[in-house]
$ cat run29.csv   # CSV, C-alpha atoms
chain,number,residue,atom,x,y,z
A,154,MET,CA,53.6,6.6,76.4
A,155,MET,CA,49.8,6.5,76.5
A,156,GLN,CA,48.2,4.8,73.6
A,157,VAL,CA,44.5,5.2,72.6
A,158,LYS,CA,42.3,2.8,70.7
A,159,SER,CA,40.6,4.2,67.6
A,160,SER,CA,37.3,3.1,66.1
A,161,ALA,CA,39.2,1.0,63.6
A,162,GLY,CA,40.9,-0.9,66.4
A,163,GLU,CA,44.3,0.7,65.8
A,164,THR,CA,46.2,2.3,68.6
A,165,ALA,CA,47.0,6.0,68.3
A,166,LEU,CA,50.1,7.2,70.2
A,167,ILE,CA,48.5,10.6,70.8
A,168,SER,CA,44.9,11.0,71.7
A,169,ARG,CA,42.7,13.5,70.0
A,170,ASP,CA,42.0,15.3,73.3
A,171,ARG,CA,45.6,15.6,74.2
A,172,TYR,CA,46.4,16.9,70.7
A,173,GLY,CA,43.5,19.4,71.0
A,174,GLU,CA,44.5,20.6,74.5
A,175,THR,CA,48.1,21.1,73.4
A,176,ILE,CA,47.3,23.0,70.2
A,177,SER,CA,44.7,25.2,72.1
A,178,ALA,CA,47.2,26.0,74.8
A,179,ALA,CA,49.9,26.8,72.3
A,180,LEU,CA,47.6,29.1,70.3
A,181,ARG,CA,46.6,30.9,73.5
A,182,LEU,CA,50.2,31.8,74.1
A,183,PHE,CA,50.3,33.8,70.8
A,184,VAL,CA,46.7,34.7,70.0
A,185,GLY,CA,44.1,36.7,71.9
A,186,ARG,CA,43.6,39.7,74.1
A,187,GLY,CA,47.0,40.9,75.4
A,188,ARG,CA,48.9,38.5,73.1
A,189,ARG,CA,51.1,39.1,70.1
A,190,TYR,CA,48.3,38.6,67.5
A,191,SER,CA,44.5,38.9,67.3
A,192,VAL,CA,42.5,36.1,65.7
A,193,LYS,CA,42.0,38.5,62.7
A,194,GLN,CA,45.7,39.2,62.4
A,195,LEU,CA,46.5,35.5,62.5
A,196,SER,CA,43.8,34.8,59.9
A,197,ASN,CA,45.1,37.5,57.6
A,198,GLY,CA,48.7,36.3,57.9
A,199,THR,CA,48.0,32.6,57.4
A,200,GLY,CA,44.8,32.4,55.2
A,201,VAL,CA,43.2,30.2,57.9
A,202,LYS,CA,39.6,31.3,58.5
A,203,ASP,CA,38.8,33.3,61.7
A,204,ARG,CA,36.2,30.8,62.8
A,205,MET,CA,38.6,27.8,62.4
A,206,ILE,CA,41.1,29.6,64.7
A,207,GLU,CA,38.4,30.5,67.2
A,208,CYS,CA,37.3,26.9,67.4
A,209,ALA,CA,40.8,25.7,67.9
A,210,LEU,CA,41.5,28.2,70.7
A,211,VAL,CA,38.8,26.7,73.0
A,212,GLU,CA,39.4,23.6,75.1
A,213,PRO,CA,38.4,20.3,73.5
A,214,GLY,CA,35.6,19.7,76.0
A,215,ASN,CA,33.9,22.8,74.7
A,216,CYS,CA,31.1,22.1,72.2
A,217,ASP,CA,32.7,24.8,69.8
A,218,TRP,CA,36.1,23.1,69.7
A,219,ARG,CA,37.3,21.7,66.4
A,220,ALA,CA,40.7,20.3,65.6
A,221,LEU,CA,42.8,22.2,63.1
A,222,PRO,CA,43.4,20.4,59.9
A,223,GLY,CA,47.0,19.7,59.0
A,224,ASP,CA,47.2,22.5,56.3
A,225,ALA,CA,45.8,25.1,58.8
A,226,LEU,CA,48.2,24.0,61.6
A,227,LEU,CA,51.2,24.1,59.3
A,228,SER,CA,50.2,27.5,57.9
A,229,ILE,CA,49.9,28.9,61.5
A,230,SER,CA,53.2,27.2,62.4
A,231,ARG,CA,54.9,28.8,59.5
A,232,PHE,CA,53.5,32.3,60.4
A,233,LEU,CA,54.2,32.0,64.1
A,234,GLY,CA,57.5,30.2,63.8
A,235,ALA,CA,59.4,27.6,65.8
A,236,ALA,CA,58.5,29.1,69.1
A,237,PHE,CA,54.9,28.1,68.4
A,238,THR,CA,55.7,24.8,66.7
A,239,ASN,CA,57.8,23.7,69.7
A,240,GLU,CA,54.7,24.2,71.9
A,241,TRP,CA,53.0,21.3,70.2
A,242,LEU,CA,55.6,19.3,68.3
A,243,HIS,CA,56.9,17.8,71.6
A,244,LEU,CA,53.9,15.5,71.5
A,245,ALA,CA,55.9,13.6,68.8
A,246,ASP,CA,59.1,13.8,70.9
A,247,GLN,CA,60.5,16.3,68.3
A,248,GLY,CA,61.4,19.9,68.1
A,249,ALA,CA,61.5,22.7,65.5
A,250,PHE,CA,63.8,25.5,64.5
A,251,ASP,CA,63.5,28.5,62.2
A,252,LEU,CA,65.5,28.3,58.9
A,253,PRO,CA,67.4,31.5,58.0
A,254,ASP,CA,65.4,33.8,55.7
A,255,GLY,CA,68.3,35.4,53.9
A,256,GLU,CA,71.7,34.4,52.7
A,257,GLU,CA,73.2,31.1,53.9
A,258,PRO,CA,75.6,31.8,56.8
A,259,THR,CA,79.3,31.4,56.1
A,260,PRO,CA,81.3,28.5,57.7
A,261,MET,CA,83.3,31.0,59.7
A,262,SER,CA,80.2,32.7,61.1
A,263,ILE,CA,78.7,29.4,62.1
A,264,ALA,CA,82.0,28.3,63.8
A,265,ALA,CA,82.4,31.7,65.6
A,266,GLU,CA,78.9,31.8,66.9
A,267,ALA,CA,79.1,28.2,68.0
A,268,ALA,CA,82.4,28.9,69.9
A,269,GLU,CA,80.9,31.9,71.5
A,270,ASP,CA,77.9,29.9,72.8
A,271,THR,CA,80.1,27.1,74.0
A,272,ALA,CA,82.3,29.6,75.9
A,273,THR,CA,79.2,31.1,77.5
A,274,VAL,CA,78.1,27.6,78.7
A,275,VAL,CA,81.5,26.7,80.0
A,276,ARG,CA,81.7,30.0,82.0
A,277,MET,CA,78.2,29.3,83.4
A,278,ALA,CA,79.1,25.7,84.3
A,279,ALA,CA,82.4,26.5,86.0
A,280,ASP,CA,80.9,26.4,89.5
A,281,GLN,CA,79.3,23.0,88.7
A,282,LYS,CA,75.7,24.3,89.0
A,283,TRP,CA,73.2,26.5,87.1
A,284,ASP,CA,71.7,29.5,89.0
A,285,ALA,CA,68.3,30.9,88.1
A,286,ALA,CA,69.7,33.5,85.7
A,287,GLU,CA,71.8,30.9,83.9
A,288,ARG,CA,68.8,28.4,83.6
A,289,ALA,CA,66.8,31.2,82.0
A,290,GLN,CA,69.5,31.6,79.3
A,291,LEU,CA,69.9,27.9,78.5
A,292,PRO,CA,66.8,27.4,76.2
A,293,GLU,CA,67.9,30.3,73.9
A,294,ILE,CA,71.5,29.1,73.8
A,295,GLY,CA,70.3,25.5,73.1
A,296,ARG,CA,68.0,26.7,70.3
A,297,ARG,CA,70.8,28.6,68.6
A,298,LYS,CA,73.1,25.6,68.8
A,299,ILE,CA,70.5,23.3,67.3
A,300,GLU,CA,69.8,25.8,64.5
A,301,ARG,CA,73.5,26.0,63.7
A,302,GLY,CA,73.8,22.2,63.7
A,303,MET,CA,70.9,22.0,61.2
A,304,GLN,CA,72.6,24.6,59.1
A,305,MET,CA,75.7,22.5,59.1
A,306,ILE,CA,73.7,19.4,58.1
A,307,ALA,CA,72.1,21.3,55.2
A,308,ALA,CA,75.5,22.6,54.1
A,309,GLY,CA,76.9,19.1,54.1
A,310,ARG,CA,74.0,17.8,52.0
A,311,ALA,CA,74.5,20.5,49.5
A,312,ALA,CA,78.1,19.7,49.0

$ encode --input "run29.csv" --output "structure tokens"
Amino acid sequence: MMQVKSSAGETALISRDRYGETISAALRLFVGRGRRYSVKQLSNGTGVKDRMIECALVEPGNCDWRALPGDALLSISRFLGAAFTNEWLHLADQGAFDLPDGEEPTPMSIAAEAAEDTATVVRMAADQKWDAAERAQLPEIGRRKIERGMQMIAAGRAA
């Protein structure tokens, strides 16, 4: 893990440049020409000013680059969801998942969906190797399993 000295003599685990490069790259996956959202759509959906988004989209070496403040980054993350958040949260060796919007899932639905995903993985692993098509499915299956696990943790805390 690379550590960077700050002006106060403290060592930061993540450099400002690495943070900026990662956020810029993550934003460019979702925002811009040919992407899911324009800068204007993202601004309207998050309340983050257009110019702030534009400045975060460029590489940190560019004189127009500015780091997104925490409130802006979290607003954008909430709007774009876990797929965006996972593009930058890995810097902290962590991951994100989307919480369900509607009604809390039933214990039976969680168990049934978990069993279905486990059965899929077992079938895929039967030949002791992952082919390209199976590898392509693994991230989505893993994400669903993590989300269900977090739902179970939340249900246990509520009890």

$ atom_distance --input "run29.csv" --atom1 "CA of Arg181 in chain A" --atom2 "CA of Val211 in chain A"
8.9 Å

$ closest_residue --input "run29.csv" --among "A:Arg171, A:Pro260, A:Ala209, A:Thr164" --to "Ala245 in chain A" --atoms "only C-alpha atoms"
A:Arg171

$ residues_around --input "run29.csv" --residues "Ala308 in chain A" --least-positions-apart "2" --cutoff "12 Å" --atoms "all atoms listed in the file" --output "PyMOL selection string"
chain A and resi 257-260+263+301-306+310-312

$ atom_distance --input "run29.csv" --atom1 "CA of Ala235 in chain A" --atom2 "CA of Arg276 in chain A"
27.7 Å

$ atom_distance --input "run29.csv" --atom1 "CA of Phe250 in chain A" --atom2 "CA of Glu300 in chain A"
6.0 Å

$ closest_residue --input "run29.csv" --among "A:Ala289, A:Ala178, A:Ala264, A:Ile167" --to "Pro213 in chain A" --atoms "all atoms listed in the file"
A:Ala178

$ residues_around --input "run29.csv" --residues "Pro292 in chain A" --least-positions-apart "6" --cutoff "12 Å" --atoms "only C-alpha atoms" --output "list in words"
Ala236, Asn239, Asp270, Val274, Ala286, Lys298 and Ile299 of chain A

$ residues_around --input "run29.csv" --residues "Leu233 in chain A" --least-positions-apart "5" --cutoff "10 Å" --atoms "only C-alpha atoms" --output "VMD selection string"
chain A and resid 180 183 to 184 189 to 190 195 198 to 199 227 to 228 238

$ write_last_selection --input "run29.csv" --atoms "C-alpha atoms" --output "CSV table (one decimal), in the coordinates of the input"
chain,number,residue,atom,x,y,z
A,180,LEU,CA,47.6,29.1,70.3
A,183,PHE,CA,50.3,33.8,70.8
A,184,VAL,CA,46.7,34.7,70.0
A,189,ARG,CA,51.1,39.1,70.1
A,190,TYR,CA,48.3,38.6,67.5
A,195,LEU,CA,46.5,35.5,62.5
A,198,GLY,CA,48.7,36.3,57.9
A,199,THR,CA,48.0,32.6,57.4
A,227,LEU,CA,51.2,24.1,59.3
A,228,SER,CA,50.2,27.5,57.9
A,238,THR,CA,55.7,24.8,66.7

$ closest_residue --input "run29.csv" --among "A:Ile176, A:Ala272, A:Leu252, A:Leu291" --to "Gly223 in chain A" --atoms "all atoms listed in the file"
A:Ile176

$ residues_around --input "run29.csv" --residues "Glu207 in chain A" --least-positions-apart "6" --cutoff "9 Å" --atoms "only C-alpha atoms" --output "list in words"
Val192, Asp217, Trp218 and Arg219 of chain A

$ closest_residue --input "run29.csv" --among "A:Ala268, A:Ala179, A:Val275, A:Met261" --to "Leu226 in chain A" --atoms "only C-alpha atoms"
A:Ala179
